[in-house]
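Here is the structure we will look at.
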Amino acid sequence: MAEQHTTTTKTTCPYCGVGCGVLATPLQNGTVQIEGDETHPANLGRLCSKGSALGETVDLGNRLLHPKVHGKRVSWDEAIVSVARGFSDIIAKHGPESVAFYVSGQVLTEDYYTANKLMKGFIGGANIDTNSRLCMSSAVAAYKRAFGSDTVPCSYEDIELADLVILAGSNLAWCHPVIFQRLRQAKEDRPEMKIVVIDPRKTSTCDIADLHLSVKPGTDATLFNGLLHYLKKEDYLDLEFLEAHTEGFAAAMTAAKTSAGSIPQVAAVTELQEQDIVKFYQLFASTEKVVTVYSQGINQSTSGTDKCNSIINCHLATGRIGKPGMGPFSFTGQPNAMGGREVGGLSNQLAAHMEITNPEHHDRVSRFWKADNLATENGAKAIDMFNEVASGKIKAIWIMATNPVVSLPDADKVKAALEKCELVVVSECEQFTDTTELADILLPAAAWGEKDGMVTNSERRISHQRAFLPLPGEARPDWWIITQVARKMGFEAAFPFEKPADVFREHAQLSAFENDGERDFNIGGLADISDEDYDNLVPVQWPVMANTEMGTARLFTDKRFFTPSGKARMISVEPKLPFNLTTEAYPLVLNTGRIRDQWHTMTRTGRAVRLNAHIPEPMVQIHPLDAATFELVDGALAEVSSQWGEMIVRVVVTDEQRPGSIFVPIHWSSQYASMARVDALVASVYDPVSGQPESKHTPVTIRAYQPVWHGFILSRHPITVKDANYWVKVRGAQFWRYEIAGQQSLDDPAKWAQQHLGEEGEWLDFTDAKAGRYRAGQIKRNRLEGVVFIAPSHDLPARSWLSQLFSLNSLSDAERYSLLVGQPSQGQKDAGQIVCSCFGVGQNTLNEAIQSGHVNSVDEIGQKLKAGTNCGSCVPELKKLLAH
């Protein structure tokens, strides 16, 4: 019988800053059908693996559904009073600087606006910051220095119109996959388009690159200063534009010449081949339509702002801005990082792109909000905020929609700070996270699919993220929770909001208030939007004034900037080395970042079975030369340590990693692994201008982790692993997978296995005590319930064929025997490590098809196996398999 559909809702994806449109259709069986929205300008129907799997993340397992105070369920009234009284009492005793909000690019614009208004306007302090500080604040600071405003000048269509696209510190293929797909298509349509990737790692993005510059970590500013000097030396400057529309040129050029005055000088610093540097410089110089996309690899540095300005300088020097197919284009990491910037979610901003320390701006916002207590000084940025929690200066903190115990640098220090903080309030949709475990008050927040409001993507496009599911339990939207607390604190008149549209209208009105063109952010054209038009708002790029209701594709087309002079500023950039350099004790550079199929700390993506298949465990990528030096084996375990922390991860030896550097993903928390919070290793040092931490350059060492035994458990039901020093929890189809290792011998592995899975049922097991091997299968009603494999080394049977047995209603004699011998039975296929998450296509399946000659191209793989035909994120890996 065909599945019955209900109403389809147009909404947006809650993951990266691309801001893809999604069509969500709840089905009668409780699941949600997800499709790309072909009418949304950001993705035109495309979705990545994460977006495609959104329907698998909306179950209510692990959801926080009721308010709790000190672990006890309470009513909303009690919870609101507890928060309001707790904050009010501390403010009365210690002042507004004693409390803080830490928010997130995951909340909607209306949530952000309400939180910022409460803290800065009525509590009277500015201690509100956001996890977006960790991903894009250097880009914000650089834009403001150069343009006088936080203005992203480009649109996605500029990437497709460009003749040269530079991807600097951006693994577009994995971190912004849909834009990668658009760029790939543009290059296929126009093969003459050139793409340069600047990244220490050879990432999947390099699949479409004409030139990959494996730059020494931390030396990007030298590379772009060298480009600026080259442009002048070879007479490629736009002198007319420079004279009429910029200032600071002479100082910027002097700094560029001093630090990067020759190709050999640049090569010595960046460790690039001179001919590759020249090729890059010539491409930029000779190509008019150039877009430079930059992201965390540039931003996450103690000199990230300077690096961003070194890129902007090159565009200003050649006049390549404000025109189709040109511009310096910062990509945000989160779906509403841009929305947070609009409403003043950072501690050094007021709302609507105004400044706390600007008297004119302060007066304007005070009058608009009717706030007599508006903050007069910048608040603490993220790292300093938690340092002040640790010192006791901040005594109460409200954390919304983020997991700082996992995601902030020096994460163990953050955890210790929250443990002793007087009052920790957490608004969260998940019941169990590393951060909620430390909360005094837990407030159940609405999740994606349940909440309604606006988000702004990387190209300034405002889209409506709509609810299509009912609010479960007592979960409520963040703007509502904040509003109720504000009213209880005595600020009823300033928080009259009854629905998201009320908040958005006020936000739009403030953007246009006394704005005659001197501020870039203006959505006054939406200031009087009706509830109906709000509900039906189509995606639009700001500025949106009454005369530009269709939005604005790109800015600075009039060559006028938002500085006092109206001219763009070129910034004198003196390249700086990373704050912490490698030493004899810590000789490797740790680089952290995202992987293809996971998001942040996995509270959402960890629910989706197919997203756990590609890279199921925390891992470290290391070059073969370094692996040999440190005596590491591919597939074994290793311990990575710095001055600040340590972790245990699975070794991946690859020549795609630069020698001297390692890469570890950011996603795993203590909910999914025993020792895998990589930010526990990262120092809490940051850019003095932007406050953004240096997450791409931590000195570390690495050694083989050699437990007494290795193993894995597959269980139809979740379990708690005991007596294992290393464990990783992975959600699979109809089972849970646990990768385990221990430093103490298992005297009785059979008893140990039954302690984990239960004694009931039929047990098939094999023990070789001398060899330290144990294999067992637990069977109930002839159906597999659990599997335990233990061995003295990491060389264990593949999990893929075993996992397939859980889908069977009955095990044959051959399949029972396969459990004992640790090999698939005759005729059973082992698909191997998953490559295509969308269709569950494994590496063994692909290799067999390639080696048999049945497929010879990516298109043929798609035709026969479907791999690569949905989101396309696996296409670079398919190409590698074909090449090998």
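Note on naming: chains are A, B, ... as they come in the structure tokens, residues start from 1 per chain, ligands start from 1 in the order shown.
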
Within 6 Å of region 7-14 of chain A using only C-alpha atoms, minus same-chain residues under 3 positions, as a VMD selection string: chain A and resid 20 to 25 335 465 to 466

Quick one: residues within 7 Å of region 715-724 of chain A, only C-alpha atoms counted, chain neighbours fewer than 2 positions away excluded, as a VMD selection string? chain A and resid 713 726 to 727 734 to 737 740 to 742 756 785 to 787

Could you save the residues just selected, with C-alpha atoms, as a tab-separated table (two decimals), in the first residue's frame?
chain	number	residue	atom	x	y	z
A	713	ILE	CA	29.92	-5.39	20.19
A	726	TYR	CA	38.32	2.94	24.78
A	727	TRP	CA	34.78	2.82	23.46
A	734	GLN	CA	18.43	-2.28	13.84
A	735	PHE	CA	21.49	-2.40	16.10
A	736	TRP	CA	24.04	-0.37	18.05
A	737	ARG	CA	27.74	-0.81	17.37
A	740	ILE	CA	36.07	-1.17	22.29
A	741	ALA	CA	39.55	-1.79	23.71
A	742	GLY	CA	40.86	-2.41	27.19
A	756	HIS	CA	26.71	-6.65	28.60
A	785	GLU	CA	20.34	-10.16	19.22
A	786	GLY	CA	24.02	-9.45	19.77
A	787	VAL	CA	27.58	-10.14	18.66

Per DSSP on the backbone, what are the alpha helix (DSSP H) residues of region 548-641 of chain A, as a ChimeraX atom specification? /A:624-629

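Residue nearest Glu631 (chain A), chosen from A:Asp558, A:Arg607, A:Leu878, A:Tyr705 and counting only C-alpha atoms: A:Tyr705.
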
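Taking only C-alpha atoms into account, Asn591 (chain A) lies nearest to A:Gly169 out of the set A:Gly169, A:Asn348, A:Ile195, A:Gly45.
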
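Excluding Ala255 (chain A) and any residue on its chain fewer than 6 positions from it, the residues at most 6 Å away by only C-alpha atoms are Ser572, Val573 and Glu574 of chain A.
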
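Using only C-alpha atoms for every distance, the candidate list A:Leu637, A:Ala676, A:Val424, A:Ile311 yields A:Ala676 as the residue closest to Pro618 (chain A).
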
Using only C-alpha atoms, which protein or nucleic acid residues come within 10 Å of region 302-306 of chain A? Drop anything in the same chain fewer than 6 positions from it, and give the result as number ranges by chain. A: 136-143, 145, 218, 220-221, 296, 312, 571-580, 685-697

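Using only C-alpha atoms, the nearest neighbour of Ala375 (chain A) within the list A:Gly105, A:Gly660, A:Pro324, A:Pro96 is A:Pro96.
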
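Using only C-alpha atoms, the nearest neighbour of Leu60 (chain A) within the list A:Val651, A:Ala351, A:Ala553, A:Ala475 is A:Ala475.
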
For Gly517 (chain A), work out the shell of residues within 12 Å, counting only C-alpha atoms and skipping chain neighbours fewer than 6 positions away, then give it as a ChimeraX atom specification. /A:511,523-524,543-545,560-563,566

By how many Å are CA of His710 (chain A) and CA of Pro665 (chain A) apart? 22.4 Å

Dump as a Markdown table the rows for residues of region 452-540 of chain A within 12 Å of region 28-31 of chain A: closest atom pair and distance in Å with one decimal, only C-alpha atoms counted, ordered by chain and rising residue number.
| residue | atom | partner | partner_atom | distance |
| --- | --- | --- | --- | --- |
| A:Phe468 | CA | A:Thr31 | CA | 11.9 |
| A:Leu469 | CA | A:Gly30 | CA | 10.1 |
| A:Pro470 | CA | A:Gly30 | CA | 11.7 |

Same residues, N, CA and C atoms, saved as a PDB file, in the first residue's frame:
ATOM      1  N   PHE A 468       6.795  22.115  10.832  1.00  0.00           N
ATOM      2  CA  PHE A 468       5.876  21.171  10.193  1.00  0.00           C
ATOM      3  C   PHE A 468       5.537  20.004  11.124  1.00  0.00           C
ATOM      4  N   LEU A 469       6.062  20.062  12.351  1.00  0.00           N
ATOM      5  CA  LEU A 469       5.770  19.047  13.355  1.00  0.00           C
ATOM      6  C   LEU A 469       5.215  19.727  14.602  1.00  0.00           C
ATOM      7  N   PRO A 470       4.362  19.047  15.359  1.00  0.00           N
ATOM      8  CA  PRO A 470       3.854  19.641  16.603  1.00  0.00           C
ATOM      9  C   PRO A 470       4.953  19.717  17.654  1.00  0.00           C
TER      10      PRO A 470
END

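In this comparison, which uses only C-alpha atoms, the residue of A:Asn131, A:Gln828, A:Thr557, A:Ser793 approaching Gly327 (chain A) most closely is A:Thr557.
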
If I take CA of Ala252 (chain A) and CA of Ala285 (chain A), how far is one from the other in Å, to one decimal? 17.8 Å

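All residues of protein, DNA or RNA that reach within 9 Å of Val291 (chain A), judged by only C-alpha atoms and not counting those fewer than 2 positions away in the chain, are Cys154, Asp158, Ile159, Ala162, Asp163, Leu164, Val165, Ile166, Leu167, Lys289, Val293, His315, Arg320, Ile321, Gly325, Met326, Gly327, Pro328 and Phe329 of chain A.
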
Using DSSP on the backbone coordinates, identify all residues within region 56-302 of chain A classified as strand (DSSP E or B); present the result as an MDAnalysis selection string. chainID A and resid 63 68:69 72:73 99:103 128:130 164:168 194:198 211:213 246:247 290:294

Export of prior selection with N, CA and C atoms as a compact mmCIF listing (two decimals), in the first residue's frame:
# COMPACT_ATOMS: atom_id res chain seq x y z
N ARG A 63 15.14 13.14 23.66
CA ARG A 63 14.65 14.53 23.69
C ARG A 63 14.39 14.98 25.12
N LYS A 68 13.32 21.07 33.97
CA LYS A 68 13.87 20.42 35.16
C LYS A 68 14.69 21.43 35.95
N VAL A 69 14.55 21.38 37.25
CA VAL A 69 15.36 22.20 38.16
C VAL A 69 16.06 21.25 39.11
N LYS A 72 14.92 17.66 38.89
CA LYS A 72 13.52 17.35 39.19
C LYS A 72 12.62 18.03 38.17
N ARG A 73 11.66 17.27 37.62
CA ARG A 73 10.71 17.85 36.68
C ARG A 73 9.83 18.87 37.39
N VAL A 99 26.55 38.06 34.97
CA VAL A 99 25.73 37.05 34.28
C VAL A 99 26.06 37.07 32.80
N ALA A 100 25.75 35.97 32.12
CA ALA A 100 26.11 35.86 30.70
C ALA A 100 25.14 34.95 29.98
N PHE A 101 25.00 35.18 28.67
CA PHE A 101 24.30 34.27 27.76
C PHE A 101 25.33 33.77 26.75
N TYR A 102 25.28 32.47 26.46
CA TYR A 102 26.10 31.91 25.38
C TYR A 102 25.16 31.21 24.42
N VAL A 103 25.02 31.79 23.22
CA VAL A 103 23.99 31.35 22.28
C VAL A 103 24.63 30.69 21.05
N ILE A 128 26.86 38.61 26.16
CA ILE A 128 26.17 37.65 25.31
C ILE A 128 27.06 37.39 24.11
N ASP A 129 27.47 36.15 23.95
CA ASP A 129 28.29 35.79 22.80
C ASP A 129 27.76 34.48 22.25
N THR A 130 28.33 34.05 21.16
CA THR A 130 27.76 32.94 20.40
C THR A 130 28.84 32.00 19.91
N LEU A 164 37.83 32.50 -12.28
CA LEU A 164 38.78 31.91 -11.34
C LEU A 164 38.13 31.91 -9.96
N VAL A 165 38.07 30.75 -9.35
CA VAL A 165 37.56 30.62 -7.99
C VAL A 165 38.69 30.10 -7.11
N ILE A 166 39.00 30.87 -6.08
CA ILE A 166 40.04 30.48 -5.11
C ILE A 166 39.33 30.03 -3.84
N LEU A 167 39.66 28.83 -3.40
CA LEU A 167 39.09 28.28 -2.17
C LEU A 167 40.20 28.22 -1.14
N ALA A 168 40.19 29.17 -0.23
CA ALA A 168 41.27 29.31 0.76
C ALA A 168 40.78 28.85 2.13
N LYS A 194 38.91 28.20 -13.93
CA LYS A 194 40.01 27.67 -13.14
C LYS A 194 39.66 27.70 -11.66
N ILE A 195 40.13 26.68 -10.94
CA ILE A 195 39.89 26.58 -9.51
C ILE A 195 41.21 26.31 -8.80
N VAL A 196 41.50 27.12 -7.79
CA VAL A 196 42.70 26.96 -6.98
C VAL A 196 42.27 26.65 -5.55
N VAL A 197 42.82 25.60 -4.97
CA VAL A 197 42.55 25.24 -3.57
C VAL A 197 43.80 25.50 -2.75
N ILE A 198 43.65 26.30 -1.70
CA ILE A 198 44.76 26.60 -0.78
C ILE A 198 44.43 25.92 0.54
N LEU A 211 44.77 23.65 -9.47
CA LEU A 211 46.00 23.85 -8.72
C LEU A 211 45.69 23.71 -7.23
N HIS A 212 46.47 22.85 -6.56
CA HIS A 212 46.35 22.72 -5.11
C HIS A 212 47.63 23.22 -4.48
N LEU A 213 47.51 24.20 -3.60
CA LEU A 213 48.66 24.75 -2.88
C LEU A 213 48.62 24.23 -1.45
N THR A 246 39.68 53.82 -2.47
CA THR A 246 40.36 53.14 -1.36
C THR A 246 41.27 54.11 -0.63
N GLU A 247 41.66 53.71 0.57
CA GLU A 247 42.68 54.42 1.33
C GLU A 247 43.54 53.39 2.05
N VAL A 290 37.27 37.12 -10.54
CA VAL A 290 37.84 36.28 -9.49
C VAL A 290 36.98 36.36 -8.24
N VAL A 291 36.62 35.20 -7.70
CA VAL A 291 35.97 35.12 -6.39
C VAL A 291 36.89 34.31 -5.48
N THR A 292 37.18 34.85 -4.32
CA THR A 292 37.95 34.13 -3.31
C THR A 292 37.02 33.74 -2.18
N VAL A 293 36.79 32.44 -2.02
CA VAL A 293 35.98 31.90 -0.95
C VAL A 293 36.90 31.48 0.19
N TYR A 294 36.61 31.95 1.39
CA TYR A 294 37.45 31.56 2.53
C TYR A 294 36.57 31.23 3.72
